[in-house]
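Only one structure is covered here, and it is reproduced in the block below.
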Amino acid sequence: MSGFTLNKRFEKALKGESLDMVPVCSVTQTGIVELMEMTGAYWPQANYDASKMAALALGGYEIAGFENVRCPFCTTVLAETLGCTVAEGSVDIQPYVVDFPCKKKKDIKDITVPDSLLESRRTSVVLDAVEILKGHVGEDVPVVAGLVGPAGLASMLAGMKNYLMWFVTNPEVVEELMGVLTEACIEYANGLLERGADVITLIDSEAGPDIIAPQMFETSVLPFHRKFCREVKGLKILHMCGDATAVLDSLADAGFEGISIEEKVGVSFAKGIVGNRVRLIGNVSPSDTLLTKGPEEVMIEARACLEDGIDILAPGCGLAPHTPLENIKALFRARDEYCST
């Protein structure tokens, strides 16, 4: 390959430095049923037990071939810690919110960052898993840890209906909630970095144009993203589902090193917007291509991403649990062929 470790190649890619080849990674969830069967680490246990979480995450690197390890596999860690009721899910269903604490606007006053945030049932498991992973892969392989951002958490703690309604009628209420949630995100992200994570992925799709107007994002959410980037001491990626094109220009100046985009965003067009301010990660479709098509179709889509200038080749979002392992491996075939020509 080259003199670069996988970690160094990933870091150089995020910083826009010259490379021997484009990394193939996943900065979003990597747990698939085939890997669960091969590692013996199944959901839902792998979402609640640090050793099983680490074992399944390692499968994404050691078996699937991703040039990083990534955990956790669900989006409910902080939501449950801050007051949501969460169902554990099953072998092919991620944990999900079934009840939330902010039924009325006045309930937001009761949301605080607990002193024991990093010792909670859910956060402590992820922190321990990150430490296990770093101990296993050392400094040669990047450890990526994910968490939901302030807008996504606000939609969970208030419920999506309230979140959308309050954003229109009382945006200051949502901003108050996101202010508290941003502090939780910062503390948790720095905790993950201290335990061995090399990169943080902030998942904040509910801040995107598919959910709220770009002007709402600019006014109400972007300041919290900037605060997060200022206060989190490590490499940071923002993942946004849907068509994020309308907010890419702002996101490029928020302080993230990378933006993870879905296939709804055209890579070459997005590159024209962000220029050299931030790197783009993605955007092979996890549902339309990786889940439902074959390796050859995966390679065609991956090759198009590479030709359009993607900086890190990756699934455009978290993998569906029944994604075939052979389709993941097709990403590497496409990269290797592209980089050898």
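Order determines the names: the first chain of the structure tokens is A, the second B, and so forth; residues in each chain are numbered 1 upward, and ligands are numbered 1 upward as they are shown.
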Practice task
From a DSSP pass on the backbone, collect the residues of region 222-324 of chain A flagged as strand (DSSP E) and hand them back as a PyMOL selection string.
Solution key: chain A and resi 235-240+258-261+279-284+312-315
Output file for the residues above (C-alpha atoms, as a PDB file, in the first residue's frame):
ATOM      1  CA  LEU A 235     -11.060  15.658  14.444  1.00  0.00           C
ATOM      2  CA  LYS A 236     -14.780  16.132  13.790  1.00  0.00           C
ATOM      3  CA  ILE A 237     -17.171  14.986  11.049  1.00  0.00           C
ATOM      4  CA  LEU A 238     -20.783  16.100  10.592  1.00  0.00           C
ATOM      5  CA  HIS A 239     -23.177  13.541   9.142  1.00  0.00           C
ATOM      6  CA  MET A 240     -26.462  14.795   7.719  1.00  0.00           C
ATOM      7  CA  GLY A 258     -15.390  16.447   7.104  1.00  0.00           C
ATOM      8  CA  ILE A 259     -19.040  16.306   6.051  1.00  0.00           C
ATOM      9  CA  SER A 260     -20.641  12.906   5.493  1.00  0.00           C
ATOM     10  CA  ILE A 261     -23.286  13.127   2.769  1.00  0.00           C
ATOM     11  CA  ARG A 279     -13.664  17.199   2.988  1.00  0.00           C
ATOM     12  CA  LEU A 280     -16.604  15.192   1.692  1.00  0.00           C
ATOM     13  CA  ILE A 281     -17.308  11.619   2.819  1.00  0.00           C
ATOM     14  CA  GLY A 282     -19.724   9.189   1.192  1.00  0.00           C
ATOM     15  CA  ASN A 283     -21.893   8.641  -0.629  1.00  0.00           C
ATOM     16  CA  VAL A 284     -22.722   5.159  -1.940  1.00  0.00           C
ATOM     17  CA  ILE A 312     -13.241   9.430   1.701  1.00  0.00           C
ATOM     18  CA  LEU A 313     -15.293   6.678   0.046  1.00  0.00           C
ATOM     19  CA  ALA A 314     -18.010   5.451   2.410  1.00  0.00           C
ATOM     20  CA  PRO A 315     -21.640   4.424   2.665  1.00  0.00           C
TER      21      PRO A 315
END
Can you tell me which residues surround region 48-60 of chain A at a distance of at most 9 Å, considering only C-alpha atoms, apart from same-chain residues fewer than 3 positions away, and format the answer as a short mmCIF file (atom, residue, chain, number, x, y, z; two decimals) with C-alpha atoms, in the first residue's frame?
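around-v7.cif, written as the output of this step:
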data_model
loop_
_atom_site.label_atom_id
_atom_site.label_comp_id
_atom_site.auth_asym_id
_atom_site.auth_seq_id
_atom_site.Cartn_x
_atom_site.Cartn_y
_atom_site.Cartn_z
CA SER A 26 -17.57 4.05 7.42
CA GLN A 29 -23.02 2.52 11.81
CA THR A 30 -21.38 -0.72 10.60
CA GLY A 31 -23.31 -3.47 12.37
CA ILE A 32 -24.73 -6.02 9.91
CA LEU A 35 -20.83 -9.71 10.98
CA MET A 36 -22.91 -10.49 14.06
CA MET A 38 -19.20 -14.19 12.36
CA THR A 39 -18.19 -12.38 15.56
CA GLY A 40 -20.84 -13.82 17.90
CA ALA A 41 -21.71 -10.26 18.94
CA TYR A 42 -25.39 -9.71 18.21
CA TRP A 43 -27.80 -6.83 18.68
CA PRO A 44 -29.36 -5.91 21.02
CA GLN A 45 -26.59 -7.12 23.39
CA ILE A 63 -13.75 -8.94 8.32
CA ALA A 64 -15.56 -6.36 6.17
CA GLY A 65 -12.33 -4.46 5.54
CA PHE A 66 -13.28 -0.90 6.47
CA GLU A 67 -10.11 1.09 7.07
CA ASN A 68 -11.37 2.24 10.46
CA VAL A 69 -13.40 0.94 13.39
CA ARG A 70 -16.62 2.66 14.35
CA CYS A 71 -19.04 2.49 17.27
CA PRO A 72 -21.73 2.60 18.58
CA PHE A 73 -24.44 1.15 16.31
CA GLU A 88 -33.79 -2.25 23.05
CA ARG A 121 -25.72 3.10 31.67
CA ARG A 122 -25.39 3.92 27.98
CA SER A 124 -20.19 4.23 29.95
CA VAL A 125 -20.63 1.23 27.63
CA VAL A 126 -19.56 3.21 24.56
CA LEU A 127 -16.64 4.79 26.41
CA ASP A 128 -15.45 1.36 27.54
CA ALA A 129 -15.89 -0.05 24.02
CA VAL A 130 -13.80 2.77 22.56
CA GLU A 131 -11.04 2.03 25.06
CA ILE A 132 -11.15 -1.67 24.15
CA LEU A 133 -10.99 -0.84 20.45
CA HIS A 136 -6.78 -3.62 20.14
CA VAL A 137 -5.93 -1.59 17.02
#
Practice task
Would you return as a VMD selection string the members of region 27-179 of chain A that DSSP assigns to alpha helix (DSSP H) on this structure's backbone?
Solution key: chain A and resid 33 to 39 50 to 62 77 to 81 121 to 137 150 to 158 160 to 169 171 to 179
I need the chosen residues saved as a PDB file, in the first residue's frame, with C-alpha atoms.
ATOM      1  CA  VAL A  33     -26.203  -9.433  10.627  1.00  0.00           C
ATOM      2  CA  GLU A  34     -23.462 -11.307   8.758  1.00  0.00           C
ATOM      3  CA  LEU A  35     -20.832  -9.705  10.976  1.00  0.00           C
ATOM      4  CA  MET A  36     -22.909 -10.487  14.061  1.00  0.00           C
ATOM      5  CA  GLU A  37     -22.947 -14.149  13.030  1.00  0.00           C
ATOM      6  CA  MET A  38     -19.199 -14.190  12.358  1.00  0.00           C
ATOM      7  CA  THR A  39     -18.194 -12.384  15.560  1.00  0.00           C
ATOM      8  CA  ALA A  50     -18.858  -2.974  25.841  1.00  0.00           C
ATOM      9  CA  SER A  51     -16.985  -6.162  24.928  1.00  0.00           C
ATOM     10  CA  LYS A  52     -19.667  -7.211  22.436  1.00  0.00           C
ATOM     11  CA  MET A  53     -19.847  -3.703  20.996  1.00  0.00           C
ATOM     12  CA  ALA A  54     -16.089  -3.734  20.481  1.00  0.00           C
ATOM     13  CA  ALA A  55     -16.146  -7.225  18.948  1.00  0.00           C
ATOM     14  CA  LEU A  56     -18.796  -6.260  16.393  1.00  0.00           C
ATOM     15  CA  ALA A  57     -17.037  -2.993  15.591  1.00  0.00           C
ATOM     16  CA  LEU A  58     -13.787  -4.877  15.039  1.00  0.00           C
ATOM     17  CA  GLY A  59     -15.635  -7.107  12.583  1.00  0.00           C
ATOM     18  CA  GLY A  60     -16.233  -4.069  10.409  1.00  0.00           C
ATOM     19  CA  TYR A  61     -12.467  -3.632  10.160  1.00  0.00           C
ATOM     20  CA  GLU A  62     -11.072  -7.164  10.374  1.00  0.00           C
ATOM     21  CA  VAL A  77     -27.202   6.692  23.755  1.00  0.00           C
ATOM     22  CA  LEU A  78     -27.486  10.340  24.800  1.00  0.00           C
ATOM     23  CA  ALA A  79     -31.255  10.411  24.285  1.00  0.00           C
ATOM     24  CA  GLU A  80     -31.774   7.683  26.884  1.00  0.00           C
ATOM     25  CA  THR A  81     -29.195   9.225  29.208  1.00  0.00           C
ATOM     26  CA  ARG A 121     -25.721   3.096  31.672  1.00  0.00           C
ATOM     27  CA  ARG A 122     -25.391   3.917  27.984  1.00  0.00           C
ATOM     28  CA  THR A 123     -22.453   6.336  27.729  1.00  0.00           C
ATOM     29  CA  SER A 124     -20.188   4.227  29.948  1.00  0.00           C
ATOM     30  CA  VAL A 125     -20.627   1.232  27.633  1.00  0.00           C
ATOM     31  CA  VAL A 126     -19.564   3.209  24.564  1.00  0.00           C
ATOM     32  CA  LEU A 127     -16.642   4.794  26.405  1.00  0.00           C
ATOM     33  CA  ASP A 128     -15.451   1.357  27.539  1.00  0.00           C
ATOM     34  CA  ALA A 129     -15.887  -0.055  24.018  1.00  0.00           C
ATOM     35  CA  VAL A 130     -13.801   2.774  22.560  1.00  0.00           C
ATOM     36  CA  GLU A 131     -11.044   2.034  25.057  1.00  0.00           C
ATOM     37  CA  ILE A 132     -11.154  -1.669  24.151  1.00  0.00           C
ATOM     38  CA  LEU A 133     -10.993  -0.838  20.454  1.00  0.00           C
ATOM     39  CA  LYS A 134      -8.055   1.531  20.820  1.00  0.00           C
ATOM     40  CA  GLY A 135      -6.229  -1.057  22.899  1.00  0.00           C
ATOM     41  CA  HIS A 136      -6.778  -3.618  20.142  1.00  0.00           C
ATOM     42  CA  VAL A 137      -5.934  -1.587  17.022  1.00  0.00           C
ATOM     43  CA  PRO A 150     -28.219  18.962  19.362  1.00  0.00           C
ATOM     44  CA  ALA A 151     -30.992  19.128  16.756  1.00  0.00           C
ATOM     45  CA  GLY A 152     -31.345  15.367  16.535  1.00  0.00           C
ATOM     46  CA  LEU A 153     -31.421  15.080  20.312  1.00  0.00           C
ATOM     47  CA  ALA A 154     -33.970  17.890  20.579  1.00  0.00           C
ATOM     48  CA  SER A 155     -36.279  16.026  18.192  1.00  0.00           C
ATOM     49  CA  MET A 156     -35.966  12.927  20.380  1.00  0.00           C
ATOM     50  CA  LEU A 157     -36.444  14.635  23.741  1.00  0.00           C
ATOM     51  CA  ALA A 158     -39.396  16.749  22.559  1.00  0.00           C
ATOM     52  CA  MET A 160     -40.684  15.209  16.289  1.00  0.00           C
ATOM     53  CA  LYS A 161     -44.130  16.851  16.252  1.00  0.00           C
ATOM     54  CA  ASN A 162     -43.239  19.269  19.055  1.00  0.00           C
ATOM     55  CA  TYR A 163     -39.774  19.869  17.635  1.00  0.00           C
ATOM     56  CA  LEU A 164     -41.182  20.978  14.279  1.00  0.00           C
ATOM     57  CA  MET A 165     -44.088  22.953  15.739  1.00  0.00           C
ATOM     58  CA  TRP A 166     -41.968  24.779  18.302  1.00  0.00           C
ATOM     59  CA  PHE A 167     -39.337  25.592  15.680  1.00  0.00           C
ATOM     60  CA  VAL A 168     -42.031  27.549  13.830  1.00  0.00           C
ATOM     61  CA  THR A 169     -43.966  29.053  16.757  1.00  0.00           C
ATOM     62  CA  PRO A 171     -37.833  28.845  18.094  1.00  0.00           C
ATOM     63  CA  GLU A 172     -36.296  30.258  21.271  1.00  0.00           C
ATOM     64  CA  VAL A 173     -37.674  27.237  23.145  1.00  0.00           C
ATOM     65  CA  VAL A 174     -35.908  24.804  20.814  1.00  0.00           C
ATOM     66  CA  GLU A 175     -32.752  26.900  21.036  1.00  0.00           C
ATOM     67  CA  GLU A 176     -32.868  26.726  24.828  1.00  0.00           C
ATOM     68  CA  LEU A 177     -33.138  22.939  24.657  1.00  0.00           C
ATOM     69  CA  MET A 178     -30.360  22.653  22.075  1.00  0.00           C
ATOM     70  CA  GLY A 179     -28.126  24.814  24.233  1.00  0.00           C
TER      71      GLY A 179
END
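Proximity to Arg333 (chain A) was assessed for A:Ile310, A:Met299, A:Gly234, A:Glu218 counting only C-alpha atoms; the smallest distance is recorded for A:Met299.
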Completion exercise
Of A:Gly316, A:Gly159, A:Gly138, A:Gly89, the one sitting nearest Lys104 (chain A) when using only C-alpha atoms is A:Gly159
Problem - Counting only C-alpha atoms, the residue of A:Thr289, A:Ser340, A:Thr201, A:Thr76 that sits nearest Val232 (chain A) - result: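 Under the stated criterion, the closest residue is A:Thr201.
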Practice task
Please measure the separation of CA of Gly83 (chain A) and CA of Ile203 (chain A), giving the value in Å to one decimal.
Solution key: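 Atom-to-atom, CA of Gly83 (chain A) and CA of Ile203 (chain A) are spaced 18.9 Å apart.
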Practice task
Compare A:Thr323, A:Asp110, A:Ala330, A:Lys271 by their minimum atom-to-atom distance to Asp92 (chain A), counting only C-alpha atoms, and give me the closest one.
Solution key: A:Thr323
